[in-house]
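Everything on this sheet refers to the single structure shown next.
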Amino acid sequence: MSSNNGKNTSSDRPIFEISGFSFAYGETKILENVNFAANAGEFVCIVGPSGAGKTTLLQCLAGLRQPTGGEIRFKGEQVTAPPAELAVVFQDYSRSLMPWLSALQNIALPLKSAGQGKKQREAKALAALEEVGLAAAADLYPWELSGGMQQRVAIARALAYEPALVIMDEPFASVDAQTRADLEDLTLRIKDHLGITVVLVTHDIDEAVYLSDRVVALSGRPATVVDVVDVNLGNQRDQITTKERPEFAGLRSRLYRLIRRPEQQAPAAPAAAEIH
Amino acid sequence: MALNVPTKTSSRSRKRPWFKTLLWQSWLPLSALAVIWVASEQSTSVYFPPAAEVFRKISIVWFPDALVTDLLPSLGRLVLGFALAVLLGIAIGVLLGLFRSAETAVRPLTETARAIPGVALLPIAMMFFGTGESMKLVMIVFIAMWPIVLNTIEGVRSVDPALRNVMASFRITALDRFRSVYLPAAMPQIFSGARISLAIAVAVMIAVEMFGTPGGIGYFIRDAQQTFRIIDMWTGLVILGLFGYTLNVIFRALEDRVLRWQKRMAKHVQGES
Amino acid sequence: MTTQQVTPRKAVDLQQIAVPARTRSKQRRWHRDLATQTGVVAAALVLWHIFSLSEMAQKAGMPSPIESLTRFVELLGVSVFWQSIGATIISWSIALLLSLGVGIPLGMGIGRSRRAADSGRFLIDFLRTIPSLAIIPLALLLLGPTRGMVIMVATFSAVWPVLIQAIYAAEHSDPVLSRVARSFRLKWTDKVRYVLAPEFLAFFWPGVRMAVTASLLVTVGAELIGGAPGIGQAIQAALLVNQQASMFAYVIAAALLGLGINAVLMLVQRKLLWWHPSLRKDQ
């Protein structure tokens, strides 16, 4: 808790900065002139309709792709390759864990590559598993775990990496509603506990409002930032009471309108996001 | 999965007491042996001597003399040749699997190397290496490695593209990518290639021994036939059958060990559906 | 996968724009691949040529690629050459047909009953691990250096993969499809043609591929070791009379035969199994 200085949004040292960012596939512009930044300890959600290029934006932030215009700075340095203090939780948990490695080995692999000793990395991996409540599953293989548990292993892998920034790409899109709520609360708790910064992409506006300190709304074609909305719902969130508050409903409606207006399309599209 | 080759003549997984299974598995081999034994006893053909005679001769010829002069050299040659074929095959396969353009460029050469009936290269190998040990080894390695090369290429390419992003973002080093991702991902394919490779290696070993310098089970069988020692030839075939069967058993045990995660996963998935 | 983020409508847009460009670039890539492949083959031939000038190659009597290819072209007009190739093809195809004819019905029978499969397991496992080239001496005793000897050895090599794969295919036929066929009251001819045969074939096909490769290898090997008519014997004969260029020409012929058989195999596979997922994906 003590390390959480995230409420101070006026800090003049942002952990990352996206400025003048644009991305195009050939001649098709996906994202244009995207600008926003996040401060250390913040929880930022990026929302937008399917096809707005949210995943592309995240991959550029993670150093997995290069923007076609503008620049991204992480801790003051331009991102040209995946930075060491940044970890990603990928959307598709069933494909982002290695089926031939146990949960513990999956988590320990990046630490091994970072040159850490066997004892140290196993201790860290186990601690991370404890953090997500899966210490008992250390020696199980990913395919022996449920979807929600697999995603928790993926989160543990990111945590064990000891990042300053965790990037999550629609991490709860393919689990059932109850598991989803549990994972949301788990993520909030971990973020507070470890004082890390989280950027999470989602197309679910309720989820965005529930989790965030700030929500970045992307919309349009090519997509750009239509607004950055501060969420002042306090530090303690609760699946029932927080969502009952009138401020929650207000923020929710505001974001829906923001995202819908330019396209005038019914928000029935999200299902298409998972089509390959 | 249908295009995978089964590891053994698999059976349905209905429960049945083990002794019944054993009974079913052993009655045919045993009665076949009995029939051959009795039938060959009355045989008048020089080419099919009595089985009893063959088995008596095995203990005389093979223990211990021919075991040392023929079986051990064959075994050494095979183990060394097969091991080299596996190492070379995986190394070449991983490189070609990762660098797609290089693989495309050399494809005419790899396709030809694979398609050529390997034994046809025997005279060429003899031109350069004579009939001695190096010729035998070169032939085994060069002909047996291709199934492993091709399967490794396929296996490396089967790595999920999602995992490439994972490896990049967690900064997995090249060595760890090879050890912990590409190699295990390709391992099932490598093994199915290696199984074919092993069969080819044994076949090539027999061929080169029949042509090459003395020493080796292939040489023994060929020599026995040419000097008309029919019973000795039969003992050679029996020993070779046992040799091949044992190799297969060892290979399977190794495969079960290395691919434990995959077997467990297959069982797990089956259990769910 | 970033492209997942594209909505269906967007995807259609993208395709309309991109399709002509993509086919063009595909074609361009194909041309480029062909050029590099030709380059690599040419480089290999040049290396062979340089190597053939070395002392080691000279001493061994290795011909240059030009000598070998010239000899190969000359041989194309010689009837003995075609007789050798013809003999190999005939022995090989008879062996293959025999092993299919024996292996498929036997395998289907064994695969339908667990007791049969258990009974046969040890014998099959034992016999198939005997390298078929090892029975050449036995076959020579029985049949002499003849086509019959080659067919016997080659059949022995090809029948095991066919048998094992047929057992496997029979064990794994999917009862769901059979039920579908029954519930729609398909005629039995249609059931075989559209339901049973394609499914069996998908499981069985690897057996064919292995049998084809194994029997060709063993056919040439039996000709070479046993001295029966065919490419193998021609290679051996050329070496004995010190005609290295002829020997290389015959090896080239053997390679081309292997490539040709492989190409036919791929063609048949595409015709018969185009619907199979594992083949669809690499197109």
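Lettering and numbering for the structure tokens are positional, with chains as A, B, ... in the shown order, residues counted from 1 in each chain, and ligands counted from 1 in the shown order.
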Find the residues around segment 196-199 of chain A up to 7 Å (only C-alpha atoms counted), leave out those fewer than 3 positions away in its own chain, and share them as a PyMOL selection string. chain A and resi 40-45+164-168+191
Put those residues in a file: N, CA and C atoms, as a CSV table (one decimal), in the first residue's frame.
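Generated output (selection-v9.csv):
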```
chain,number,residue,atom,x,y,z
A,40,ALA,N,3.4,6.5,-12.7
A,40,ALA,CA,3.7,5.3,-11.9
A,40,ALA,C,2.6,5.0,-10.9
A,41,GLY,N,2.2,3.7,-10.9
A,41,GLY,CA,1.2,3.3,-9.9
A,41,GLY,C,-0.3,3.5,-10.4
A,42,GLU,N,-0.5,4.0,-11.5
A,42,GLU,CA,-1.8,4.2,-12.1
A,42,GLU,C,-2.4,2.9,-12.7
A,43,PHE,N,-3.7,2.8,-12.7
A,43,PHE,CA,-4.4,1.7,-13.4
A,43,PHE,C,-5.1,2.4,-14.6
A,44,VAL,N,-4.6,2.2,-15.8
A,44,VAL,CA,-5.2,2.8,-16.9
A,44,VAL,C,-5.9,1.8,-17.8
A,45,CYS,N,-7.1,2.0,-18.2
A,45,CYS,CA,-7.8,1.1,-19.1
A,45,CYS,C,-7.9,1.8,-20.5
A,164,ALA,N,7.9,-2.9,-13.8
A,164,ALA,CA,7.3,-1.6,-13.3
A,164,ALA,C,5.9,-1.4,-13.9
A,165,LEU,N,5.8,-2.0,-15.1
A,165,LEU,CA,4.5,-1.8,-15.9
A,165,LEU,C,4.0,-3.2,-16.4
A,166,VAL,N,2.8,-3.5,-16.1
A,166,VAL,CA,2.2,-4.7,-16.6
A,166,VAL,C,1.1,-4.3,-17.7
A,167,ILE,N,1.3,-4.9,-18.8
A,167,ILE,CA,0.3,-4.6,-19.9
A,167,ILE,C,-0.6,-5.8,-20.0
A,168,MET,N,-1.9,-5.6,-20.1
A,168,MET,CA,-2.8,-6.7,-20.2
A,168,MET,C,-3.8,-6.5,-21.4
A,191,LYS,N,-2.2,-5.2,-7.8
A,191,LYS,CA,-1.7,-3.8,-8.2
A,191,LYS,C,-1.4,-3.0,-7.0
```
Please report as JSON lines every residue of segment 199-222 of chain B lying within 10 Å of segment 64-67 of chain B, along with the nearest atom pair and their distance in Å (one decimal), using only C-alpha atoms.
```
{"residue": "B:Gly215", "atom": "CA", "partner": "B:Ala66", "partner_atom": "CA", "distance": 9.0}
{"residue": "B:Gly216", "atom": "CA", "partner": "B:Ala66", "partner_atom": "CA", "distance": 8.9}
{"residue": "B:Ile217", "atom": "CA", "partner": "B:Ala66", "partner_atom": "CA", "distance": 8.6}
{"residue": "B:Phe220", "atom": "CA", "partner": "B:Ala66", "partner_atom": "CA", "distance": 8.5}
```
Got time to write the residues from that selection, C-alpha atoms, as a tab-separated table (two decimals), in the first residue's frame?
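Written out: out.tsv:
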```tsv
chain	number	residue	atom	x	y	z
B	215	GLY	CA	32.61	-57.54	-39.10
B	216	GLY	CA	28.94	-56.91	-38.64
B	217	ILE	CA	25.72	-58.84	-38.69
B	220	PHE	CA	27.75	-62.40	-41.32
```
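Nearest to chain A of all the residues B:Leu109, B:Val269, B:Ala32, B:Val119 is B:Val269, counting only C-alpha atoms.
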Could you list, with a cut-off of 12 Å and counting only C-alpha atoms, the residues of segment 186-259 of chain B near segment 159-164 of chain B, each shown with its nearest atom pair and the distance in Å rounded to one decimal, rows sorted by chain and ascending number, as JSON lines?
```
{"residue": "B:Ala186", "atom": "CA", "partner": "B:Val159", "partner_atom": "CA", "distance": 7.8}
{"residue": "B:Met187", "atom": "CA", "partner": "B:Val159", "partner_atom": "CA", "distance": 11.1}
{"residue": "B:Gln189", "atom": "CA", "partner": "B:Val159", "partner_atom": "CA", "distance": 11.7}
```
As a PyMOL selection string, please: the residues near segment 174-189 of chain A (cut-off 7 Å, only C-alpha atoms, same-chain neighbours under 4 positions excluded). chain A and resi 147-148+193+211
Residues of chain B within 9 Å of chain A, counting only C-alpha atoms - could you list those as a ChimeraX atom specification? /B:160-177,180-181,184-185,259-262,265,268-269
Write to file, as a PDB file, in the first residue's frame, the residues of the selection just made, with N, CA and C atoms.
```
ATOM      1  N   ASP B 160       3.415 -22.020 -31.883  1.00  0.00           N
ATOM      2  CA  ASP B 160       2.321 -21.064 -31.977  1.00  0.00           C
ATOM      3  C   ASP B 160       2.856 -19.642 -32.123  1.00  0.00           C
ATOM      4  N   PRO B 161       2.365 -18.883 -33.104  1.00  0.00           N
ATOM      5  CA  PRO B 161       2.841 -17.507 -33.264  1.00  0.00           C
ATOM      6  C   PRO B 161       2.651 -16.691 -31.991  1.00  0.00           C
ATOM      7  N   ALA B 162       1.627 -17.047 -31.202  1.00  0.00           N
ATOM      8  CA  ALA B 162       1.415 -16.320 -29.942  1.00  0.00           C
ATOM      9  C   ALA B 162       2.639 -16.458 -29.035  1.00  0.00           C
ATOM     10  N   LEU B 163       3.295 -17.620 -29.094  1.00  0.00           N
ATOM     11  CA  LEU B 163       4.457 -17.826 -28.236  1.00  0.00           C
ATOM     12  C   LEU B 163       5.640 -16.960 -28.660  1.00  0.00           C
ATOM     13  N   ARG B 164       5.693 -16.588 -29.950  1.00  0.00           N
ATOM     14  CA  ARG B 164       6.790 -15.719 -30.388  1.00  0.00           C
ATOM     15  C   ARG B 164       6.696 -14.386 -29.693  1.00  0.00           C
ATOM     16  N   ASN B 165       5.452 -13.863 -29.558  1.00  0.00           N
ATOM     17  CA  ASN B 165       5.266 -12.613 -28.834  1.00  0.00           C
ATOM     18  C   ASN B 165       5.644 -12.771 -27.369  1.00  0.00           C
ATOM     19  N   VAL B 166       5.264 -13.906 -26.788  1.00  0.00           N
ATOM     20  CA  VAL B 166       5.611 -14.152 -25.393  1.00  0.00           C
ATOM     21  C   VAL B 166       7.125 -14.129 -25.232  1.00  0.00           C
ATOM     22  N   MET B 167       7.825 -14.853 -26.111  1.00  0.00           N
ATOM     23  CA  MET B 167       9.285 -14.930 -25.997  1.00  0.00           C
ATOM     24  C   MET B 167       9.925 -13.561 -26.167  1.00  0.00           C
ATOM     25  N   ALA B 168       9.390 -12.785 -27.120  1.00  0.00           N
ATOM     26  CA  ALA B 168       9.980 -11.465 -27.360  1.00  0.00           C
ATOM     27  C   ALA B 168       9.746 -10.563 -26.158  1.00  0.00           C
ATOM     28  N   SER B 169       8.513 -10.545 -25.626  1.00  0.00           N
ATOM     29  CA  SER B 169       8.234  -9.566 -24.586  1.00  0.00           C
ATOM     30  C   SER B 169       8.901  -9.941 -23.270  1.00  0.00           C
ATOM     31  N   PHE B 170       9.143 -11.230 -23.027  1.00  0.00           N
ATOM     32  CA  PHE B 170       9.847 -11.612 -21.804  1.00  0.00           C
ATOM     33  C   PHE B 170      11.345 -11.769 -22.043  1.00  0.00           C
ATOM     34  N   ARG B 171      11.794 -11.315 -23.194  1.00  0.00           N
ATOM     35  CA  ARG B 171      13.228 -11.290 -23.517  1.00  0.00           C
ATOM     36  C   ARG B 171      13.900 -12.632 -23.255  1.00  0.00           C
ATOM     37  N   ILE B 172      13.306 -13.681 -23.779  1.00  0.00           N
ATOM     38  CA  ILE B 172      13.902 -15.011 -23.648  1.00  0.00           C
ATOM     39  C   ILE B 172      15.127 -15.068 -24.574  1.00  0.00           C
ATOM     40  N   THR B 173      16.254 -15.532 -24.027  1.00  0.00           N
ATOM     41  CA  THR B 173      17.479 -15.565 -24.834  1.00  0.00           C
ATOM     42  C   THR B 173      17.409 -16.654 -25.901  1.00  0.00           C
ATOM     43  N   ALA B 174      18.279 -16.521 -26.905  1.00  0.00           N
ATOM     44  CA  ALA B 174      18.255 -17.465 -28.027  1.00  0.00           C
ATOM     45  C   ALA B 174      18.444 -18.898 -27.538  1.00  0.00           C
ATOM     46  N   LEU B 175      19.358 -19.088 -26.596  1.00  0.00           N
ATOM     47  CA  LEU B 175      19.625 -20.437 -26.099  1.00  0.00           C
ATOM     48  C   LEU B 175      18.386 -21.011 -25.409  1.00  0.00           C
ATOM     49  N   ASP B 176      17.733 -20.179 -24.577  1.00  0.00           N
ATOM     50  CA  ASP B 176      16.531 -20.643 -23.889  1.00  0.00           C
ATOM     51  C   ASP B 176      15.378 -20.871 -24.855  1.00  0.00           C
ATOM     52  N   ARG B 177      15.307 -20.051 -25.903  1.00  0.00           N
ATOM     53  CA  ARG B 177      14.265 -20.284 -26.907  1.00  0.00           C
ATOM     54  C   ARG B 177      14.442 -21.649 -27.536  1.00  0.00           C
ATOM     55  N   SER B 180      14.003 -24.384 -24.404  1.00  0.00           N
ATOM     56  CA  SER B 180      12.738 -24.467 -23.674  1.00  0.00           C
ATOM     57  C   SER B 180      11.506 -24.270 -24.540  1.00  0.00           C
ATOM     58  N   VAL B 181      11.677 -23.824 -25.775  1.00  0.00           N
ATOM     59  CA  VAL B 181      10.505 -23.615 -26.610  1.00  0.00           C
ATOM     60  C   VAL B 181      10.576 -24.427 -27.903  1.00  0.00           C
ATOM     61  N   PRO B 184      11.327 -28.496 -27.329  1.00  0.00           N
ATOM     62  CA  PRO B 184      10.169 -29.269 -26.844  1.00  0.00           C
ATOM     63  C   PRO B 184       8.961 -29.198 -27.776  1.00  0.00           C
ATOM     64  N   ALA B 185       8.767 -28.050 -28.426  1.00  0.00           N
ATOM     65  CA  ALA B 185       7.620 -27.948 -29.344  1.00  0.00           C
ATOM     66  C   ALA B 185       7.785 -28.912 -30.506  1.00  0.00           C
ATOM     67  N   LEU B 259       8.553 -37.627 -24.030  1.00  0.00           N
ATOM     68  CA  LEU B 259       7.284 -37.004 -24.408  1.00  0.00           C
ATOM     69  C   LEU B 259       6.215 -37.195 -23.336  1.00  0.00           C
ATOM     70  N   ARG B 260       6.667 -37.330 -22.070  1.00  0.00           N
ATOM     71  CA  ARG B 260       5.712 -37.572 -21.007  1.00  0.00           C
ATOM     72  C   ARG B 260       4.605 -36.513 -20.976  1.00  0.00           C
ATOM     73  N   TRP B 261       5.038 -35.240 -21.112  1.00  0.00           N
ATOM     74  CA  TRP B 261       4.028 -34.174 -21.046  1.00  0.00           C
ATOM     75  C   TRP B 261       2.984 -34.352 -22.123  1.00  0.00           C
ATOM     76  N   GLN B 262       3.428 -34.792 -23.296  1.00  0.00           N
ATOM     77  CA  GLN B 262       2.475 -34.907 -24.399  1.00  0.00           C
ATOM     78  C   GLN B 262       1.503 -36.065 -24.190  1.00  0.00           C
ATOM     79  N   MET B 265      -0.938 -35.038 -21.685  1.00  0.00           N
ATOM     80  CA  MET B 265      -1.899 -34.091 -22.248  1.00  0.00           C
ATOM     81  C   MET B 265      -2.930 -34.831 -23.103  1.00  0.00           C
ATOM     82  N   HIS B 268      -5.296 -36.502 -20.936  1.00  0.00           N
ATOM     83  CA  HIS B 268      -6.128 -35.506 -20.282  1.00  0.00           C
ATOM     84  C   HIS B 268      -7.252 -35.026 -21.204  1.00  0.00           C
ATOM     85  N   VAL B 269      -6.878 -34.719 -22.433  1.00  0.00           N
ATOM     86  CA  VAL B 269      -7.856 -34.220 -23.403  1.00  0.00           C
ATOM     87  C   VAL B 269      -8.890 -35.298 -23.704  1.00  0.00           C
TER      88      VAL B 269
END
```
Report the residues of segment 27-163 of chain A whose backbone DSSP state falls under strand (DSSP E), written as a list in words.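 Answer for segment 27-163 of chain A restricted to strand (DSSP E) is Thr28, Lys29, Ile30, Leu31, Glu32, Asn33, Val34, Asn35, Phe36, Ala37, Ala38, Asn39, Phe43, Val44, Cys45, Ile46, Val47, Gly69, Gly70, Glu71, Ile72, Arg73, Phe74, Glu77, Gln78, Leu86, Ala87, Val88 and Val89 of chain A.
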Keeping only C-alpha atoms, take the residues you just selected and write them out as a compact mmCIF listing (two decimals), in the first residue's frame.
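The resulting selection.txt:
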```
# COMPACT_ATOMS: atom_id res chain seq x y z
CA THR A 28 -4.93 1.21 -44.30
CA LYS A 29 -4.60 3.56 -41.34
CA ILE A 30 -5.56 1.88 -38.07
CA LEU A 31 -4.52 4.43 -35.48
CA GLU A 32 -3.68 8.10 -35.91
CA ASN A 33 -2.29 10.79 -33.68
CA VAL A 34 -2.74 8.95 -30.42
CA ASN A 35 -1.47 10.83 -27.36
CA PHE A 36 -1.60 9.81 -23.74
CA ALA A 37 0.64 8.98 -20.82
CA ALA A 38 0.44 7.15 -17.50
CA ASN A 39 2.05 7.81 -14.17
CA PHE A 43 -4.36 1.72 -13.41
CA VAL A 44 -5.22 2.82 -16.95
CA CYS A 45 -7.77 1.10 -19.14
CA ILE A 46 -7.98 1.56 -22.86
CA VAL A 47 -11.47 1.01 -24.25
CA GLY A 69 4.55 7.35 -36.89
CA GLY A 70 5.18 9.18 -33.63
CA GLU A 71 6.99 7.71 -30.67
CA ILE A 72 6.58 5.81 -27.44
CA ARG A 73 8.77 6.43 -24.42
CA PHE A 74 9.02 4.07 -21.47
CA GLU A 77 13.61 5.99 -23.27
CA GLN A 78 12.23 5.38 -26.70
CA LEU A 86 7.65 -4.38 -18.71
CA ALA A 87 5.59 -7.56 -18.70
CA VAL A 88 2.65 -8.59 -20.84
CA VAL A 89 -0.38 -10.73 -20.02
```
Please identify all residues of chain C having at least one atom at most 6 Å from any atom of chain B, considering only C-alpha atoms, and return them as a compact mmCIF listing (two decimals) with N, CA and C atoms, in the first residue's frame.
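Just written: iface24.txt:
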```
# COMPACT_ATOMS: atom_id res chain seq x y z
N THR C 36 16.13 -17.99 -56.65
CA THR C 36 17.15 -18.37 -55.66
C THR C 36 17.38 -19.87 -55.68
N GLN C 37 16.29 -20.63 -55.87
CA GLN C 37 16.46 -22.09 -55.91
C GLN C 37 17.35 -22.50 -57.08
N ALA C 60 39.90 -40.73 -56.70
CA ALA C 60 38.74 -41.61 -56.58
C ALA C 60 38.06 -41.84 -57.94
N ASP C 118 -4.43 -58.01 -30.53
CA ASP C 118 -3.55 -58.51 -29.48
C ASP C 118 -2.76 -59.72 -29.95
N SER C 119 -3.47 -60.62 -30.64
CA SER C 119 -2.82 -61.85 -31.10
C SER C 119 -1.68 -61.53 -32.05
N LEU C 123 4.02 -60.73 -33.26
CA LEU C 123 4.55 -61.20 -34.54
C LEU C 123 4.83 -60.02 -35.47
N PHE C 126 7.74 -57.97 -34.24
CA PHE C 126 9.01 -58.66 -34.41
C PHE C 126 9.44 -58.67 -35.87
N THR C 129 10.64 -55.34 -37.55
CA THR C 129 11.92 -54.76 -37.18
C THR C 129 13.10 -55.46 -37.87
N ILE C 130 12.82 -56.57 -38.57
CA ILE C 130 13.90 -57.18 -39.35
C ILE C 130 14.10 -56.31 -40.59
N PRO C 131 15.28 -55.72 -40.76
CA PRO C 131 15.50 -54.89 -41.95
C PRO C 131 15.37 -55.75 -43.20
N PRO C 137 19.89 -62.31 -48.78
CA PRO C 137 20.55 -63.61 -48.94
C PRO C 137 19.57 -64.77 -49.03
N PHE C 203 -6.64 -41.83 -42.33
CA PHE C 203 -5.82 -42.49 -41.33
C PHE C 203 -4.78 -43.39 -41.97
N LEU C 217 13.47 -47.75 -51.95
CA LEU C 217 14.82 -47.91 -51.40
C LEU C 217 15.26 -49.37 -51.48
N GLY C 221 18.09 -51.26 -53.58
CA GLY C 221 19.08 -51.95 -52.76
C GLY C 221 19.21 -53.42 -53.13
N ALA C 255 17.74 -40.68 -58.60
CA ALA C 255 17.23 -39.52 -57.88
C ALA C 255 16.00 -38.97 -58.56
N GLY C 258 13.06 -41.13 -57.90
CA GLY C 258 12.55 -40.86 -56.55
C GLY C 258 11.74 -39.59 -56.52
N LEU C 259 12.26 -38.51 -57.14
CA LEU C 259 11.55 -37.24 -57.15
C LEU C 259 10.22 -37.37 -57.88
```
My list of candidates is A:Leu140, A:Ala223, A:Val209, A:Leu126. Which is closest to chain C when distances are computed with only C-alpha atoms? A:Ala223
Please determine, counting only C-alpha atoms, which residue among B:Lys20, B:Ala39, B:Thr110, B:Val141 has the shortest atom-to-atom distance to Leu78 of chain B.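 Under the stated criterion, the closest residue is B:Val141.
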Ile261 of chain C: which residues within 10 Å, counting only C-alpha atoms, same-chain residues fewer than 4 positions away excluded, as a PDB file with C-alpha atoms, in the first residue's frame?
```
ATOM      1  CA  ALA B 115      13.774 -38.750 -52.530  1.00  0.00           C
TER       2      ALA B 115
ATOM      3  CA  ILE C  89       9.620 -49.447 -61.884  1.00  0.00           C
ATOM      4  CA  VAL C 212       6.296 -46.169 -51.279  1.00  0.00           C
ATOM      5  CA  THR C 213       9.564 -44.770 -49.932  1.00  0.00           C
ATOM      6  CA  LEU C 216      11.765 -47.973 -53.652  1.00  0.00           C
ATOM      7  CA  ALA C 255      17.231 -39.517 -57.882  1.00  0.00           C
ATOM      8  CA  LEU C 256      14.903 -38.329 -60.640  1.00  0.00           C
ATOM      9  CA  LEU C 257      12.853 -41.500 -60.292  1.00  0.00           C
ATOM     10  CA  LEU C 265       2.389 -39.186 -54.481  1.00  0.00           C
ATOM     11  CA  MET C 266       1.835 -35.529 -53.581  1.00  0.00           C
ATOM     12  CA  LEU C 267      -0.530 -35.129 -56.517  1.00  0.00           C
TER      13      LEU C 267
END
```
Neighbours of segment 157-172 of chain C within 6 Å (only C-alpha atoms; same-chain residues fewer than 2 positions away dropped), as a ChimeraX atom specification? /C:99,103-104,107-108,111,128,132,154-155,200,203-204,207,211,215
